[in-house]
Structures are given as C-alpha cells and as structure tokens.
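**Student:** File follows, upload.pdb with PDB, C-alpha atoms:
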ATOM      1  CA  MET J   1      74.648  -3.751   9.817
ATOM      2  CA  GLN J   2      71.641  -5.718   8.524
ATOM      3  CA  VAL J   3      73.322  -8.972   7.462
ATOM      4  CA  GLU J   4      70.052 -10.529   6.307
ATOM      5  CA  ALA J   5      69.347  -7.606   3.962
ATOM      6  CA  ILE J   6      72.842  -7.823   2.487
ATOM      7  CA  LEU J   7      72.633 -11.590   2.007
ATOM      8  CA  GLY J   8      69.153 -11.300   0.511
ATOM      9  CA  LEU J   9      70.196  -8.720  -2.076
ATOM     10  CA  THR J  10      73.379 -10.680  -2.813
ATOM     11  CA  ALA J  11      71.303 -13.795  -3.522
ATOM     12  CA  ALA J  12      68.950 -11.781  -5.743
ATOM     13  CA  GLY J  13      71.905 -10.337  -7.634
ATOM     14  CA  LEU J  14      73.413 -13.776  -8.171
ATOM     15  CA  ALA J  15      70.106 -15.248  -9.347
ATOM     16  CA  LEU J  16      69.304 -12.443 -11.789
ATOM     17  CA  GLY J  17      72.923 -12.341 -12.991
ATOM     18  CA  ILE J  18      72.820 -16.047 -13.803
ATOM     19  CA  MET J  19      69.462 -15.696 -15.570
ATOM     20  CA  GLU J  20      70.589 -12.713 -17.631
ATOM     21  CA  GLY J  21      73.910 -14.427 -18.351
ATOM     22  CA  ILE J  22      72.199 -17.480 -19.845
ATOM     23  CA  ARG J  23      69.433 -15.596 -21.622
ATOM     24  CA  PRO J  24      70.336 -15.153 -25.318
ATOM     25  CA  GLY J  25      70.807 -11.611 -26.526
ATOM     26  CA  PRO J  26      73.158  -9.422 -28.565
ATOM     27  CA  LEU J  27      76.060  -9.681 -26.111
ATOM     28  CA  LEU J  28      75.833 -13.468 -25.723
ATOM     29  CA  THR J  29      75.745 -13.857 -29.500
ATOM     30  CA  MET J  30      78.848 -11.689 -29.739
ATOM     31  CA  VAL J  31      80.568 -13.734 -27.009
ATOM     32  CA  ILE J  32      79.896 -16.964 -28.919
ATOM     33  CA  ARG J  33      81.033 -15.452 -32.206
ATOM     34  CA  GLU J  34      84.274 -14.253 -30.678
ATOM     35  CA  THR J  35      84.825 -17.646 -29.035
ATOM     36  CA  LEU J  36      84.328 -19.603 -32.252
ATOM     37  CA  THR J  37      86.683 -17.340 -34.168
ATOM     38  CA  GLY J  38      89.324 -16.452 -31.579
ATOM     39  CA  GLY J  39      89.048 -19.046 -28.835
ATOM     40  CA  TRP J  40      88.037 -18.752 -25.195
ATOM     41  CA  SER J  41      90.215 -15.712 -24.456
ATOM     42  CA  ALA J  42      88.458 -13.682 -27.167
ATOM     43  CA  GLY J  43      85.049 -14.782 -25.873
ATOM     44  CA  ALA J  44      86.040 -13.958 -22.296
ATOM     45  CA  ARG J  45      87.098 -10.448 -23.306
ATOM     46  CA  ALA J  46      83.741  -9.859 -24.983
ATOM     47  CA  ALA J  47      81.964 -11.291 -21.913
ATOM     48  CA  SER J  48      83.716  -8.690 -19.730
ATOM     49  CA  ALA J  49      81.875  -5.839 -21.464
ATOM     50  CA  PRO J  50      79.342  -5.331 -18.602
ATOM     51  CA  ILE J  51      82.184  -3.931 -16.478
ATOM     52  CA  PHE J  52      82.130  -0.793 -18.634
ATOM     53  CA  THR J  53      78.513  -0.840 -19.846
ATOM     54  CA  ASP J  54      76.525  -1.928 -16.787
ATOM     55  CA  GLY J  55      79.065  -0.419 -14.381
ATOM     56  CA  PRO J  56      78.051   3.257 -14.842
ATOM     57  CA  LEU J  57      74.354   2.314 -14.765
ATOM     58  CA  ILE J  58      74.949   0.442 -11.511
ATOM     59  CA  VAL J  59      76.583   3.513  -9.976
ATOM     60  CA  VAL J  60      73.650   5.719 -11.038
ATOM     61  CA  SER J  61      71.151   3.142  -9.740
ATOM     62  CA  VAL J  62      72.948   2.905  -6.381
ATOM     63  CA  LEU J  63      73.051   6.691  -6.029
ATOM     64  CA  LEU J  64      69.364   7.022  -6.903
ATOM     65  CA  SER J  65      68.129   4.018  -4.936
ATOM     66  CA  GLY J  66      67.902   5.940  -1.655
ATOM     67  CA  TRP J  67      65.925   8.762  -3.265
ATOM     68  CA  ILE J  68      63.624   6.321  -5.069
ATOM     69  CA  ALA J  69      62.936   4.564  -1.772
ATOM     70  CA  GLU J  70      61.440   7.833  -0.450
ATOM     71  CA  GLN J  71      59.120   8.260  -3.458
ATOM     72  CA  PRO J  72      56.377   5.625  -3.019
ATOM     73  CA  THR J  73      54.412   6.682  -6.103
ATOM     74  CA  LEU J  74      57.482   6.492  -8.347
ATOM     75  CA  LEU J  75      58.571   3.208  -6.764
ATOM     76  CA  PHE J  76      55.065   1.797  -7.285
ATOM     77  CA  LEU J  77      55.054   2.713 -10.988
ATOM     78  CA  ILE J  78      58.599   1.415 -11.520
ATOM     79  CA  SER J  79      57.741  -1.836  -9.713
ATOM     80  CA  ILE J  80      54.715  -2.376 -11.964
ATOM     81  CA  LEU J  81      56.765  -1.679 -15.096
ATOM     82  CA  GLY J  82      59.583  -3.883 -13.812
ATOM     83  CA  ALA J  83      57.155  -6.748 -13.174
ATOM     84  CA  GLY J  84      55.822  -6.358 -16.724
ATOM     85  CA  PHE J  85      59.277  -6.474 -18.269
ATOM     86  CA  LEU J  86      60.252  -9.482 -16.139
ATOM     87  CA  VAL J  87      57.183 -11.325 -17.434
ATOM     88  CA  TRP J  88      58.180 -10.363 -20.970
ATOM     89  CA  PHE J  89      61.762 -11.582 -20.370
ATOM     90  CA  GLY J  90      60.370 -14.808 -18.906
ATOM     91  CA  VAL J  91      58.130 -15.461 -21.906
ATOM     92  CA  ASP J  92      61.102 -14.788 -24.182
ATOM     93  CA  CYS J  93      63.021 -17.575 -22.454
ATOM     94  CA  PHE J  94      60.415 -20.081 -23.706
ATOM     95  CA  ARG J  95      60.060 -18.830 -27.261
ATOM     96  CA  ILE J  96      63.524 -17.758 -28.415
ATOM     97  CA  GLU J  97      65.974 -20.172 -29.999
ATOM     98  CA  PRO J  98      69.366 -20.963 -28.448
ATOM     99  CA  PRO J  99      72.309 -19.036 -29.940
ATOM    100  CA  ASP J 100      73.363 -20.329 -33.339
ATOM    101  CA  PRO J 101      76.769 -22.063 -33.076
ATOM    102  CA  GLU J 102      77.299 -21.833 -36.831
ATOM    103  CA  LEU J 103      78.309 -18.185 -36.827
ATOM    104  CA  GLY J 104      80.353 -16.633 -39.590
ATOM    105  CA  GLU J 105      84.004 -15.697 -39.361
ATOM    106  CA  ALA J 106      84.994 -12.407 -37.746
ATOM    107  CA  GLU J 107      88.337 -10.785 -37.067
ATOM    108  CA  VAL J 108      89.860 -11.888 -33.771
ATOM    109  CA  THR J 109      91.222  -8.553 -32.535
ATOM    110  CA  GLY J 110      89.013  -6.024 -30.738
ATOM    111  CA  SER J 111      86.800  -8.581 -28.975
ATOM    112  CA  PHE J 112      86.371  -6.456 -25.855
ATOM    113  CA  ARG J 113      85.598  -3.322 -27.879
ATOM    114  CA  ARG J 114      82.960  -5.118 -29.924
ATOM    115  CA  GLY J 115      81.409  -6.525 -26.757
ATOM    116  CA  VAL J 116      81.207  -3.059 -25.176
ATOM    117  CA  ILE J 117      79.657  -1.509 -28.283
ATOM    118  CA  THR J 118      77.153  -4.367 -28.603
ATOM    119  CA  ASN J 119      76.028  -4.009 -24.992
ATOM    120  CA  LEU J 120      75.865  -0.209 -25.126
ATOM    121  CA  LEU J 121      73.432  -0.474 -28.046
ATOM    122  CA  ASN J 122      71.263  -3.051 -26.258
ATOM    123  CA  PRO J 123      68.175  -1.271 -24.813
ATOM    124  CA  ASN J 124      67.495  -4.177 -22.436
ATOM    125  CA  VAL J 125      70.531  -3.133 -20.384
ATOM    126  CA  TYR J 126      68.963   0.247 -19.622
ATOM    127  CA  VAL J 127      65.519  -1.263 -19.049
ATOM    128  CA  PHE J 128      66.959  -3.776 -16.602
ATOM    129  CA  TRP J 129      68.825  -1.321 -14.394
ATOM    130  CA  PHE J 130      66.209   1.407 -14.247
ATOM    131  CA  LEU J 131      63.117  -0.802 -13.990
ATOM    132  CA  ILE J 132      64.420  -3.943 -12.266
ATOM    133  CA  GLY J 133      67.819  -3.403 -10.652
ATOM    134  CA  GLY J 134      66.917   0.034  -9.293
ATOM    135  CA  PRO J 135      63.729  -0.994  -7.439
ATOM    136  CA  LEU J 136      65.447  -4.011  -5.899
ATOM    137  CA  MET J 137      68.205  -1.808  -4.536
ATOM    138  CA  ALA J 138      65.756   0.892  -3.462
ATOM    139  CA  SER J 139      63.748  -1.627  -1.443
ATOM    140  CA  ALA J 140      66.740  -2.189   0.848
ATOM    141  CA  ALA J 141      68.552   1.159   0.653
ATOM    142  CA  ASP J 142      66.975   2.654   3.780
ATOM    143  CA  GLU J 143      67.346  -0.500   5.837
ATOM    144  CA  GLU J 144      70.951  -1.245   4.903
ATOM    145  CA  PRO J 145      73.041   1.053   2.615
ATOM    146  CA  LEU J 146      75.493  -1.756   1.812
ATOM    147  CA  ALA J 147      72.764  -4.046   0.449
ATOM    148  CA  PRO J 148      72.466  -2.267  -2.953
ATOM    149  CA  VAL J 149      76.245  -2.443  -3.369
ATOM    150  CA  ALA J 150      76.186  -6.171  -2.579
ATOM    151  CA  TYR J 151      73.421  -6.675  -5.142
ATOM    152  CA  ALA J 152      75.230  -4.736  -7.863
ATOM    153  CA  LEU J 153      78.541  -6.530  -7.350
ATOM    154  CA  SER J 154      76.979  -9.997  -7.179
ATOM    155  CA  PHE J 155      74.966  -9.343 -10.345
ATOM    156  CA  LEU J 156      77.949  -8.007 -12.280
ATOM    157  CA  ILE J 157      80.265 -10.828 -11.229
ATOM    158  CA  SER J 158      77.726 -13.578 -11.898
ATOM    159  CA  ILE J 159      76.631 -12.351 -15.351
ATOM    160  CA  ILE J 160      80.257 -12.089 -16.494
ATOM    161  CA  LEU J 161      81.206 -15.509 -15.082
ATOM    162  CA  VAL J 162      78.166 -17.175 -16.676
ATOM    163  CA  LYS J 163      78.942 -15.731 -20.109
ATOM    164  CA  MET J 164      82.599 -16.739 -19.727
ATOM    165  CA  THR J 165      81.478 -20.264 -18.805
ATOM    166  CA  ILE J 166      79.271 -20.448 -21.897
ATOM    167  CA  ALA J 167      82.223 -19.236 -23.966
ATOM    168  CA  TYR J 168      84.338 -22.021 -22.426
ATOM    169  CA  PHE J 169      81.791 -24.680 -23.394
ATOM    170  CA  PHE J 170      81.545 -23.369 -26.944
ATOM    171  CA  ASP J 171      85.337 -23.264 -27.172
ATOM    172  CA  ARG J 172      85.665 -26.862 -25.966
ATOM    173  CA  THR J 173      82.793 -28.285 -27.973
ATOM    174  CA  ARG J 174      82.920 -25.890 -30.931
ATOM    175  CA  GLY J 175      79.157 -25.516 -30.955
ATOM    176  CA  ALA J 176      78.244 -29.066 -29.874
ATOM    177  CA  LEU J 177      76.431 -27.836 -26.747
ATOM    178  CA  SER J 178      73.083 -29.626 -26.665
ATOM    179  CA  PRO J 179      70.202 -27.339 -27.759
ATOM    180  CA  ARG J 180      67.888 -29.404 -25.550
ATOM    181  CA  ALA J 181      70.036 -28.747 -22.474
ATOM    182  CA  TYR J 182      70.230 -25.058 -23.357
ATOM    183  CA  ARG J 183      66.454 -24.848 -23.738
ATOM    184  CA  GLY J 184      66.082 -26.543 -20.356
ATOM    185  CA  ALA J 185      68.317 -23.923 -18.757
ATOM    186  CA  LEU J 186      66.328 -21.193 -20.493
ATOM    187  CA  GLY J 187      63.085 -22.677 -19.166
ATOM    188  CA  ILE J 188      64.412 -22.571 -15.606
ATOM    189  CA  CYS J 189      65.447 -18.948 -16.152
ATOM    190  CA  GLY J 190      61.985 -18.145 -17.490
ATOM    191  CA  LEU J 191      60.336 -19.556 -14.362
ATOM    192  CA  GLY J 192      62.782 -17.574 -12.251
ATOM    193  CA  MET J 193      61.849 -14.391 -14.086
ATOM    194  CA  PHE J 194      58.164 -15.079 -13.386
ATOM    195  CA  ALA J 195      58.971 -15.545  -9.694
ATOM    196  CA  PHE J 196      60.757 -12.193  -9.541
ATOM    197  CA  ALA J 197      57.827 -10.592 -11.407
ATOM    198  CA  ILE J 198      55.459 -11.854  -8.715
ATOM    199  CA  GLY J 199      57.769 -10.351  -6.101
ATOM    200  CA  PHE J 200      57.715  -6.991  -7.873
ATOM    201  CA  ALA J 201      53.921  -7.084  -8.161
ATOM    202  CA  TYR J 202      53.650  -7.897  -4.443
ATOM    203  CA  GLN J 203      55.979  -4.990  -3.654
ATOM    204  CA  ALA J 204      53.785  -2.689  -5.755
ATOM    205  CA  TYR J 205      50.688  -3.940  -3.905
ATOM    206  CA  GLY J 206      52.323  -3.121  -0.590
ATOM    207  CA  LEU J 207      53.125   0.407  -1.794
ATOM    208  CA  LEU J 208      49.561   1.057  -2.973
ATOM    209  CA  PRO J 209      48.293   2.763   0.231
ATOM    210  CA  ASP J 210      51.237   5.229   0.296
ATOM    211  CA  ALA J 211      51.459   5.772  -3.461
ATOM    212  CA  PHE J 212      47.971   7.249  -3.965
TER     213      PHE J 212
END
Please express what this file holds, its structure, as structure tokens.
**Tutor:**
Amino acid sequence: MQVEAILGLTAAGLALGIMEGIRPGPLLTMVIRETLTGGWSAGARAASAPIFTDGPLIVVSVLLSGWIAEQPTLLFLISILGAGFLVWFGVDCFRIEPPDPELGEAEVTGSFRRGVITNLLNPNVYVFWFLIGGPLMASAADEEPLAPVAYALSFLISIILVKMTIAYFFDRTRGALSPRAYRGALGICGLGMFAFAIGFAYQAYGLLPDAF
C-alpha cells in the first residue's frame, strides 16, 4: 500500500472540496436560500445534494481512472483542458460577487430535492469530475488503487461540510456574514485554483513525450 499516494490524493480532495464548497454557484445559492427560509436544517439538507449528484460521477471517474492512466494522449488532452478550466474557476473567484443574503422567500419543504435538482442542472459538476477529478485520480490509479477512492471521499465530505458550515453562519447571522471576509476566502480559493492549474499543466508537460 502506497501511503504517500493515498495521503496526497486525500489532501488534494480536501483542498479542492473546500475551494468548491466556498465558491459561489447554483447549489450554494440554493443552500443559502433554504437556510434563510427554513433554518440550518433546511440548508444542510440542500448542502447534502452532492451525495446523489456527484456520487455517481465519482463512481464513473474511479472506474475509468485506471483506463485513462493507460491512455497518455487522452490524459494529456484532459490535463490541458482541466488546467484551462481551473484557471477559469480561479479568475471567477476574483470577479464574482458573494452570494446575496437578501434572497426571497421559498417554501421550506423539499430542500434536499431542490438541492439535487439544482446540482444536476449545473454543468460545472460534470466539467469538474471529467476534466479535473478524473485526471487527478488517474495519475495515482496505477500506483495505488485506493488513492482515487480516498480522493473522492475526501472531496465529497469536505464540500458538503463546507456548505453546511456556510449555512450555519447564515442561519446564525441571518445574512450578516462580512462580504469582505467572504471575498478574502474567495481570493484564497482563486490562488489555490491557479496552483492546481499549474500542477495540471506540469502533468501535461510530463506526458508530452508519450502522448505524441
């Protein structure tokens, strides 16, 4: 068992899960809306949506990661695309506004269902797993089969916990969370995305001799 590979992928999963958890998007907006209308429990149910939306994509990514690892040309192209999307996500962290706490009223029941539907219709979920999550798991699949599983679980747990934590703050403060502090957290996430993009580009560079 390659403990270093498992710990490395676990750390990557935690880092990307935290970044994606903080980064505003359709699901986070839904989590905040549900929190402001139904309290923390409603927001937490909406935040749990990745269990059923990202879960199947994780399974597919894990199953394909070994095959992708044996296709250097495909892995090279995916790594380049993944690096590009990570740069785009990073730039977004500096230009998008924090979630609006003054959201309109919505019915309290069905929070989890609305969260699942919102995330299923979010194209970034599919982009992330097939262009970012997949290559990361593929890079360690041959060396240690448990590493992709560790990455997937750490990502899923961290993104859900981060969104639940944000829901807790909005429930306690009812929207008084400092926009400046939120922008600071987004800036850190943006820099983290750039760092991962550099890693993907370096991985693509290393694959260049075998890819073509």
**Student:** Find the residue from J:Ser154, J:Thr37, J:Asn124, J:Gln203 that sits nearest to J:Arg23; use all atoms listed in the file when measuring.
**Tutor:**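 Using all atoms listed in the file, J:Arg23 sits closest to J:Asn124.
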**Student:** Find the distance between atom CA of J:Ile132 and atom CA of J:Val162 and write it in Å to one decimal.
**Tutor:**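 Interatomic distance, atom CA of J:Ile132 to atom CA of J:Val162: 19.6 Å.
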**Student:** Nearest residue to J:Gly90 out of J:Glu70, J:Glu20, J:Glu4, J:Asp171, using all atoms listed in the file?
**Tutor:**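 Among J:Glu70, J:Glu20, J:Glu4, J:Asp171, it is J:Glu20 that comes nearest to J:Gly90.
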**Student:** So how many Å separate atom CA of J:Gly187 and atom CA of J:Phe169, to one decimal?
**Tutor:**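 Separating atom CA of J:Gly187 from atom CA of J:Phe169 is a distance of 19.3 Å.
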**Student:** What is the distance between atom CA of J:Val116 and atom CA of J:Leu27, in Å to one decimal?
**Tutor:**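 If I compute the distance from atom CA of J:Val116 to atom CA of J:Leu27, I get 8.4 Å.
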**Student:** Looking at only C-alpha atoms, which of J:Thr165, J:Ser48, J:Ser158, J:Thr35 is the one that sits closest to J:Ile18?
**Tutor:**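 Once distances to J:Ile18 are computed over only C-alpha atoms, the minimum belongs to J:Ser158.
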**Student:** Run through the PyMOL selection byres ((chain J and resi 31) around 7) on the given coordinates and return the selected residues as a list in words.
**Tutor:** Leu27, Leu28, Thr29, Met30, Ile32, Arg33, Glu34, Thr35, Gly43, Ala46, Ala47 and Ala167 of chain J
**Student:** Write out the residues from the selection above, keeping C-alpha atoms, as a CSV table (one decimal), keeping the file's coordinate frame.
**Tutor:**
chain,number,residue,atom,x,y,z
J,27,LEU,CA,76.1,-9.7,-26.1
J,28,LEU,CA,75.8,-13.5,-25.7
J,29,THR,CA,75.7,-13.9,-29.5
J,30,MET,CA,78.8,-11.7,-29.7
J,32,ILE,CA,79.9,-17.0,-28.9
J,33,ARG,CA,81.0,-15.5,-32.2
J,34,GLU,CA,84.3,-14.3,-30.7
J,35,THR,CA,84.8,-17.6,-29.0
J,43,GLY,CA,85.0,-14.8,-25.9
J,46,ALA,CA,83.7,-9.9,-25.0
J,47,ALA,CA,82.0,-11.3,-21.9
J,167,ALA,CA,82.2,-19.2,-24.0
**Student:** Go through the shown structure with the PyMOL selection byres ((chain J and resi 53) around 9) and write out the matching residues as number ranges by chain.
**Tutor:** J: 49-52, 54-57, 116-117, 119-120, 125
**Student:** Find the residue from J:Phe128, J:Leu63, J:Leu146, J:Asp92 that sits nearest to J:Gln2; use all atoms listed in the file when measuring.
**Tutor:** J:Leu146
**Student:** From the list J:Phe112, J:Phe194, J:Phe130, J:Phe85, which residue is nearest J:Ile68 when using all atoms listed in the file?
**Tutor:**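 Of the candidates, the smallest distance to J:Ile68 is held by J:Phe130.
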**Student:** Closest to J:Ile6 among J:Ile78, J:Cys93, J:Leu191, J:Ala147, using all atoms listed in the file?
**Tutor:** J:Ala147
**Student:** Would you translate the PyMOL selection byres ((chain J and resi 205) around 12) into the concrete set of residues it matches in this file, as a PyMOL selection string?
**Tutor:** chain J and resi 72-73+75-77+79-80+83+198-204+206-212
**Student:** Those selected residues, please, written with C-alpha atoms and delivered as a CSV table (one decimal), keeping the file's coordinate frame.
**Tutor:**
chain,number,residue,atom,x,y,z
J,72,PRO,CA,56.4,5.6,-3.0
J,73,THR,CA,54.4,6.7,-6.1
J,75,LEU,CA,58.6,3.2,-6.8
J,76,PHE,CA,55.1,1.8,-7.3
J,77,LEU,CA,55.1,2.7,-11.0
J,79,SER,CA,57.7,-1.8,-9.7
J,80,ILE,CA,54.7,-2.4,-12.0
J,83,ALA,CA,57.2,-6.7,-13.2
J,198,ILE,CA,55.5,-11.9,-8.7
J,199,GLY,CA,57.8,-10.4,-6.1
J,200,PHE,CA,57.7,-7.0,-7.9
J,201,ALA,CA,53.9,-7.1,-8.2
J,202,TYR,CA,53.6,-7.9,-4.4
J,203,GLN,CA,56.0,-5.0,-3.7
J,204,ALA,CA,53.8,-2.7,-5.8
J,206,GLY,CA,52.3,-3.1,-0.6
J,207,LEU,CA,53.1,0.4,-1.8
J,208,LEU,CA,49.6,1.1,-3.0
J,209,PRO,CA,48.3,2.8,0.2
J,210,ASP,CA,51.2,5.2,0.3
J,211,ALA,CA,51.5,5.8,-3.5
J,212,PHE,CA,48.0,7.2,-4.0
**Student:** Just the residues within 7 Å of J:Gly17, please, counting only C-alpha atoms, with nothing from its chain fewer than 5 positions along; format it as a PyMOL selection string.
**Tutor:** chain J and resi 155-156+158-159
**Student:** Contacts of stretch 9-15 of chain J at 10 Å or less, counting all atoms listed in the file, minus same-chain residues fewer than 6 places along, as a list in words?
**Tutor:**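 The neighbour list is Gly21, Gly133, Leu136, Met137, Ser139, Ala140, Leu146, Ala147, Pro148, Val149, Ala150, Tyr151, Ala152, Leu153, Ser154, Phe155, Leu156, Ile157, Ser158, Ile159, Cys189, Gly192, Met193 and Phe196 of chain J.
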**Student:** Kindly compute an axis-aligned box around the listed atoms of stretch 81-96 of chain J, allowing 6 Å on each side, and express its centre and edge lengths in Å to one decimal as JSON.
**Tutor:**
{"center_x": 59.7, "center_y": -10.9, "center_z": -20.8, "size_x": 19.7, "size_y": 30.4, "size_z": 27.2}
